[in-house]
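Structure file coords-v3.txt with compact mmCIF, C-alpha atoms:
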```txt
# COMPACT_ATOMS: atom_id res chain seq x y z
CA MET A 26 70.40 88.29 73.01
CA SER A 27 73.67 89.26 71.32
CA ASP A 28 76.84 87.17 71.50
CA LYS A 29 78.40 89.69 73.90
CA GLU A 30 75.38 89.59 76.21
CA GLN A 31 75.43 85.77 76.19
CA VAL A 32 79.09 85.76 77.24
CA VAL A 33 78.41 88.21 80.08
CA ASP A 34 75.38 86.22 81.24
CA SER A 35 77.36 82.98 81.17
CA THR A 36 80.17 84.58 83.17
CA LEU A 37 77.78 85.87 85.82
CA ARG A 38 76.18 82.45 86.16
CA THR A 39 79.45 80.57 86.57
CA THR A 40 81.46 83.04 88.64
CA SER A 41 80.75 84.57 92.03
CA THR A 42 81.50 88.18 92.93
CA ASP A 43 84.78 87.07 94.50
CA GLY A 44 85.95 85.35 91.33
CA ILE A 45 85.19 81.86 92.73
CA PRO A 46 83.44 79.42 90.37
CA ALA A 47 79.79 79.15 91.35
CA GLU A 48 79.84 75.36 91.29
CA SER A 49 82.58 75.34 93.95
CA LEU A 50 80.59 77.45 96.41
CA THR A 51 79.17 75.69 99.44
CA ALA A 52 75.75 76.22 100.96
CA ALA A 53 77.34 78.44 103.62
CA ASP A 54 78.92 80.61 100.89
CA THR A 55 75.67 81.07 99.00
CA ALA A 56 73.92 81.94 102.26
CA GLY A 57 76.30 84.87 102.74
CA GLN A 58 78.44 83.15 105.37
CA ARG A 59 82.20 83.23 105.23
CA PRO A 60 83.86 79.91 104.37
CA LYS A 61 86.05 78.39 107.04
CA ARG A 62 89.75 79.02 106.65
CA SER A 63 91.93 76.01 106.04
CA GLY A 64 95.25 75.48 107.79
CA LYS A 65 97.05 76.65 104.67
CA ASP A 66 95.01 79.86 104.55
CA ILE A 67 95.81 80.61 108.19
CA THR A 68 99.51 79.98 107.56
CA ASN A 69 99.49 82.33 104.58
CA LEU A 70 97.67 84.94 106.65
CA LEU A 71 100.26 84.72 109.42
CA ILE A 72 103.07 85.01 106.89
CA ARG A 73 101.52 88.09 105.29
CA THR A 74 101.04 89.62 108.74
CA ILE A 75 104.34 88.82 110.42
CA ALA A 76 106.74 88.92 107.46
CA PRO A 77 106.31 92.68 106.77
CA VAL A 78 107.04 93.45 110.44
CA LEU A 79 110.20 91.36 110.41
CA LEU A 80 111.32 92.90 107.12
CA ALA A 81 110.72 96.39 108.54
CA ILE A 82 112.85 95.57 111.59
CA VAL A 83 115.65 94.24 109.40
CA ALA A 84 115.46 97.24 107.06
CA GLY A 85 115.50 99.61 110.02
CA GLY A 86 118.54 97.84 111.43
CA LEU A 87 120.39 98.16 108.13
CA ILE A 88 119.61 101.87 107.98
CA LEU A 89 120.90 102.32 111.53
CA LEU A 90 124.08 100.46 110.64
CA ALA A 91 124.55 102.71 107.62
CA MET A 92 124.23 105.71 109.96
CA GLY A 93 126.87 104.27 112.27
CA LYS A 94 124.39 103.41 115.03
CA ASP A 95 123.93 100.17 116.95
CA PRO A 96 120.57 98.63 115.95
CA LEU A 97 120.59 96.26 118.93
CA PHE A 98 120.95 99.20 121.32
CA PHE A 99 118.16 101.04 119.50
CA TYR A 100 115.71 98.13 119.53
CA GLY A 101 116.70 97.38 123.11
CA ASN A 102 115.59 100.87 124.13
CA ILE A 103 112.29 100.32 122.34
CA ILE A 104 111.71 97.18 124.40
CA ASN A 105 112.84 98.79 127.66
CA TYR A 106 110.88 102.02 127.34
CA GLY A 107 108.04 100.95 125.07
CA ILE A 108 107.13 97.53 126.48
CA MET A 109 108.73 96.92 129.86
CA GLY A 110 107.28 98.42 133.03
CA ARG A 111 104.44 100.80 132.20
CA GLY A 112 105.85 101.58 128.80
CA TRP A 113 103.39 99.23 127.11
CA GLN A 114 100.52 101.36 128.35
CA GLN A 115 101.92 104.51 126.79
CA SER A 116 102.59 102.57 123.59
CA LEU A 117 98.94 101.51 123.44
CA VAL A 118 97.82 105.10 124.00
CA MET A 119 100.01 106.28 121.13
CA MET A 120 98.78 103.38 118.99
CA THR A 121 95.10 104.32 119.37
CA PRO A 122 94.89 107.11 116.75
CA LEU A 123 97.06 105.06 114.38
CA LEU A 124 94.63 102.16 114.77
CA LEU A 125 91.72 104.40 113.82
CA LEU A 126 93.68 105.72 110.84
CA ALA A 127 94.36 102.17 109.71
CA ALA A 128 90.67 101.31 110.07
CA GLY A 129 89.74 104.23 107.84
CA LEU A 130 92.31 103.22 105.25
CA ILE A 131 90.86 99.70 105.18
CA VAL A 132 87.58 101.18 103.93
CA VAL A 133 89.41 103.17 101.27
CA PHE A 134 91.45 100.22 100.04
CA ARG A 135 88.36 98.01 99.91
CA GLY A 136 86.94 100.55 97.50
CA LYS A 137 90.07 100.09 95.35
CA LEU A 138 91.18 103.65 95.99
CA TRP A 139 94.30 105.21 97.47
CA ASN A 140 94.58 107.85 100.17
CA LEU A 141 97.96 109.33 101.02
CA GLY A 142 96.49 112.33 102.80
CA TYR A 143 95.56 110.61 106.03
CA ASP A 144 98.29 112.35 108.02
CA ALA A 145 96.90 115.77 107.09
CA GLN A 146 93.36 114.63 107.87
CA TYR A 147 94.48 113.45 111.28
CA LEU A 148 96.68 116.43 112.18
CA LEU A 149 94.27 119.07 110.91
CA ALA A 150 91.32 117.47 112.71
CA ALA A 151 93.38 117.06 115.89
CA VAL A 152 94.52 120.69 115.87
CA LEU A 153 91.00 122.02 115.34
CA VAL A 154 89.58 119.73 118.01
CA ILE A 155 92.13 120.70 120.65
CA GLY A 156 91.98 124.32 119.51
CA PHE A 157 88.26 124.62 120.20
CA ALA A 158 88.25 122.23 123.17
CA PRO A 159 89.11 124.78 125.91
CA THR A 160 86.38 127.18 124.76
CA LEU A 161 83.70 124.52 124.41
CA ASN A 162 84.73 122.87 127.65
CA ALA A 163 84.12 126.14 129.49
CA VAL A 164 80.54 126.56 128.26
CA LEU A 165 79.25 123.03 127.61
CA PRO A 166 78.90 119.91 129.75
CA TRP A 167 81.71 117.39 129.44
CA TRP A 168 79.68 114.80 127.56
CA LEU A 169 78.30 117.33 125.08
CA THR A 170 81.76 118.77 124.47
CA LEU A 171 83.03 115.27 123.71
CA ILE A 172 80.24 114.66 121.19
CA VAL A 173 80.71 118.02 119.46
CA LEU A 174 84.49 117.62 119.22
CA THR A 175 84.16 114.06 117.93
CA LEU A 176 81.80 115.21 115.19
CA LEU A 177 84.13 118.11 114.41
CA GLY A 178 87.07 115.75 113.95
CA ILE A 179 85.04 113.45 111.70
CA VAL A 180 83.77 116.32 109.56
CA VAL A 181 87.20 117.92 109.17
CA GLY A 182 88.86 114.63 108.26
CA ALA A 183 86.17 113.78 105.73
CA ALA A 184 86.03 117.30 104.26
CA TRP A 185 89.75 117.21 103.48
CA THR A 186 89.08 114.46 100.93
CA ILE A 187 86.41 116.39 99.02
CA VAL A 188 88.81 117.98 96.52
CA PRO A 189 90.55 114.68 95.60
CA ALA A 190 87.14 112.97 95.42
CA ILE A 191 85.74 115.58 93.02
CA LEU A 192 88.84 115.48 90.84
CA LYS A 193 88.66 111.69 90.74
CA ALA A 194 84.95 111.59 89.92
CA ARG A 195 84.91 114.39 87.34
CA PHE A 196 88.32 114.20 85.69
CA GLU A 197 89.69 110.75 86.65
CA THR A 198 92.64 112.47 88.33
CA ASN A 199 94.93 110.01 90.08
CA GLU A 200 94.00 110.14 93.77
CA ILE A 201 97.54 109.20 94.80
CA ILE A 202 98.77 112.57 93.52
CA THR A 203 95.85 114.67 94.75
CA THR A 204 95.70 113.19 98.25
CA LEU A 205 99.47 113.54 98.60
CA MET A 206 99.29 117.20 97.56
CA MET A 207 96.42 117.81 99.97
CA SER A 208 98.52 116.18 102.66
CA PHE A 209 101.27 118.80 102.36
CA ILE A 210 98.69 121.59 102.41
CA GLY A 211 96.87 120.18 105.44
CA VAL A 212 100.03 119.67 107.47
CA GLY A 213 101.10 123.23 106.66
CA ILE A 214 97.75 124.64 107.77
CA ALA A 215 97.92 122.62 110.98
CA ASN A 216 101.36 124.07 111.73
CA LEU A 217 100.10 127.60 111.09
CA LEU A 218 97.16 127.07 113.45
CA VAL A 219 99.41 125.76 116.21
CA ARG A 220 101.77 128.71 115.81
CA GLY A 221 98.95 131.20 115.36
CA PRO A 222 95.40 131.36 116.74
CA PHE A 223 95.57 128.11 118.73
CA GLN A 224 98.98 128.64 120.33
CA ASP A 225 99.07 128.63 124.11
CA PRO A 226 100.02 132.22 125.09
CA ASP A 227 101.59 131.03 128.33
CA VAL A 228 104.42 129.09 126.70
CA VAL A 229 107.17 129.95 124.24
CA VAL A 230 107.25 126.63 122.41
CA PRO A 231 104.46 126.41 119.81
CA GLN A 232 101.72 124.23 121.26
CA THR A 233 97.99 124.33 121.88
CA GLN A 234 96.40 124.94 125.24
CA SER A 235 95.98 122.00 127.58
CA ILE A 236 92.60 120.91 128.85
CA PRO A 237 91.94 119.71 132.41
CA LEU A 238 92.61 116.05 133.08
CA ASP A 239 89.05 115.47 134.25
CA SER A 240 87.78 116.68 130.87
CA MET A 241 89.76 114.09 128.92
CA LEU A 242 88.67 110.58 128.06
CA PRO A 243 88.44 108.42 131.19
CA TYR A 244 91.06 105.78 131.87
CA ILE A 245 90.47 102.06 131.79
CA PRO A 246 90.39 101.08 135.49
CA GLY A 247 93.80 100.13 136.82
CA THR A 248 95.70 101.51 133.83
CA ARG A 249 96.86 104.75 132.24
CA ILE A 250 95.11 103.82 128.98
CA HIS A 251 92.06 105.84 128.01
CA VAL A 252 88.88 104.26 126.68
CA GLY A 253 89.68 105.49 123.19
CA LEU A 254 91.65 102.28 122.72
CA ILE A 255 88.50 100.24 123.29
CA VAL A 256 86.66 102.37 120.73
CA ALA A 257 89.45 101.85 118.19
CA VAL A 258 89.50 98.08 118.71
CA VAL A 259 85.71 97.88 118.36
CA VAL A 260 85.86 99.88 115.11
CA VAL A 261 88.51 97.54 113.70
CA LEU A 262 86.50 94.46 114.65
CA ILE A 263 83.36 95.89 113.05
CA LEU A 264 85.23 96.61 109.82
CA HIS A 265 86.69 93.12 109.87
CA TRP A 266 83.34 91.38 110.09
CA VAL A 267 81.20 93.74 108.01
```

Please express the file's structure as structure tokens.
Amino acid sequence: MSDKEQVVDSTLRTTSTDGIPAESLTAADTAGQRPKRSGKDITNLLIRTIAPVLLAIVAGGLILLAMGKDPLFFYGNIINYGIMGRGWQQSLVMMTPLLLLAAGLIVVFRGKLWNLGYDAQYLLAAVLVIGFAPTLNAVLPWWLTLIVLTLLGIVVGAAWTIVPAILKARFETNEIITTLMMSFIGVGIANLLVRGPFQDPDVVVPQTQSIPLDSMLPYIPGTRIHVGLIVAVVVVLILHWV
């Protein structure tokens, strides 16, 4: 065994895949179980979670002040219309696709890659799904339409990353640049589809056709929140524990 191979072998024996010395691993760690978080770890986690939100609120307030607007009035409206009354339900509905987007980005970041084209993936998939929804809904059962449209959205979103993936694998092209460029293209195509073949002919404002309420995702009983939120939360929990 060469000197280089001995160094590599010694490193593998003394260091775990997470960079933790092997001698410091407990039996639970070596069995594949996650070590328990200490109080300090939980505090650091809370800081990393809450601090960015607070900084974003402060930064937004400073921008509003620079524009001559009252940040307290602005954030007050967010609380009144986005949280109070039934506003929180609408906020959760609007949060659902963003939660799924975040879950997908978690997978990307775990692979030590970047993806700045998620907005195009989402918009392009959404436009194609709602564009074909009225036609499919007229000829297929509700449950089959839902399955087909779900698969369509997944395929479209995944397919939009093929070009950046090939460029990354073959030519080591920076995926930040390629996904960002694909984002502009995808958003443009989505706009063309909304203003073109998928535009509702009964309205002047560019928009797609609406589908009947009974063909949409069912609501959680007693709320105006559809079951898509439950799906999104389950996906996030699975990604957290897997």

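Of the listed residues (A:Val261, A:Phe157, A:Asp225, A:Ala163), A:Val261 comes nearest to Leu126 (chain A); the distances count only C-alpha atoms.
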
Review point. Do you know which residues are at most 12 Å from Ser116 (chain A) counting all atoms listed in the file, after dropping those on the same chain fewer than 6 positions away, and could you put them as a PyMOL selection string?
Key: chain A and resi 103-110+122-124+249-251+254

Using all atoms listed in the file, which residues sit within 12 Å of Leu192 (chain A) once same-chain residues fewer than 6 positions away are excluded, as a PDB file with C-alpha atoms, in the coordinates of the input?
```pdb
ATOM      1  CA  THR A 186      89.080 114.460 100.930  1.00  0.00           C
ATOM      2  CA  THR A 198      92.640 112.470  88.330  1.00  0.00           C
ATOM      3  CA  ASN A 199      94.930 110.010  90.080  1.00  0.00           C
ATOM      4  CA  GLU A 200      94.000 110.140  93.770  1.00  0.00           C
ATOM      5  CA  ILE A 201      97.540 109.200  94.800  1.00  0.00           C
ATOM      6  CA  ILE A 202      98.770 112.570  93.520  1.00  0.00           C
ATOM      7  CA  THR A 203      95.850 114.670  94.750  1.00  0.00           C
ATOM      8  CA  THR A 204      95.700 113.190  98.250  1.00  0.00           C
TER       9      THR A 204
END
```

Review point. For Leu130 (chain A), which residue among A:Leu71, A:Leu149, A:Leu264, A:Val256 is the nearest when counting all atoms listed in the file?
Key: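 Ranking A:Leu71, A:Leu149, A:Leu264, A:Val256 by distance to Leu130 (chain A), first place goes to A:Leu264.
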
**Study point:** Selection as a PyMOL selection string: residues within 9 Å of (98.0, 115.4, 105.9), counting all atoms listed in the file
**Key:** chain A and resi 141-149+185+204-213+215

For the selection you just gave me, I'd like the residues written to a file as a PDB file, in the frame of the given file, keeping C-alpha atoms.
```pdb
ATOM      1  CA  LEU A 141      97.960 109.330 101.020  1.00  0.00           C
ATOM      2  CA  GLY A 142      96.490 112.330 102.800  1.00  0.00           C
ATOM      3  CA  TYR A 143      95.560 110.610 106.030  1.00  0.00           C
ATOM      4  CA  ASP A 144      98.290 112.350 108.020  1.00  0.00           C
ATOM      5  CA  ALA A 145      96.900 115.770 107.090  1.00  0.00           C
ATOM      6  CA  GLN A 146      93.360 114.630 107.870  1.00  0.00           C
ATOM      7  CA  TYR A 147      94.480 113.450 111.280  1.00  0.00           C
ATOM      8  CA  LEU A 148      96.680 116.430 112.180  1.00  0.00           C
ATOM      9  CA  LEU A 149      94.270 119.070 110.910  1.00  0.00           C
ATOM     10  CA  TRP A 185      89.750 117.210 103.480  1.00  0.00           C
ATOM     11  CA  THR A 204      95.700 113.190  98.250  1.00  0.00           C
ATOM     12  CA  LEU A 205      99.470 113.540  98.600  1.00  0.00           C
ATOM     13  CA  MET A 206      99.290 117.200  97.560  1.00  0.00           C
ATOM     14  CA  MET A 207      96.420 117.810  99.970  1.00  0.00           C
ATOM     15  CA  SER A 208      98.520 116.180 102.660  1.00  0.00           C
ATOM     16  CA  PHE A 209     101.270 118.800 102.360  1.00  0.00           C
ATOM     17  CA  ILE A 210      98.690 121.590 102.410  1.00  0.00           C
ATOM     18  CA  GLY A 211      96.870 120.180 105.440  1.00  0.00           C
ATOM     19  CA  VAL A 212     100.030 119.670 107.470  1.00  0.00           C
ATOM     20  CA  GLY A 213     101.100 123.230 106.660  1.00  0.00           C
ATOM     21  CA  ALA A 215      97.920 122.620 110.980  1.00  0.00           C
TER      22      ALA A 215
END
```

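Among the candidates A:Leu79, A:Thr121, A:Val132, A:Gly101, the residue lying nearest to Val267 (chain A) is A:Val132 (atoms considered: only C-alpha atoms).
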
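The smallest atom-to-atom distance between Asn140 (chain A) and any of A:Pro237, A:Pro77, A:Pro246, A:Pro189, using only C-alpha atoms, is found for A:Pro189.
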
Point to revise | CA of Leu238 (chain A) to CA of Gly253 (chain A), straight-line distance in Å | key: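 Taking CA of Gly253 (chain A) and CA of Leu238 (chain A), their separation equals 14.8 Å.
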
Exercise for review: Please indicate the distance in Å from CA of Val133 (chain A) to CA of Ile191 (chain A), rounded to one decimal place.
Suggested key: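 Straight-line distance from CA of Val133 (chain A) to CA of Ile191 (chain A) works out to 15.3 Å.
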
Review point. CA of Pro159 (chain A) to CA of Gly129 (chain A): how many Å, to one decimal?
Key: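 CA of Gly129 (chain A) lies at a distance of 27.4 Å from CA of Pro159 (chain A).
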
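Compared by their closest atoms to Val152 (chain A), and using only C-alpha atoms, the residues A:Pro96, A:Gly86, A:Pro243, A:Pro222 rank with A:Pro222 nearest.
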
Check your understanding: Hey, which of A:Gly178, A:Leu153, A:Val118, A:Leu161 ends up closest to Leu217 (chain A)? Count all atoms listed in the file.
Key -> A:Leu153
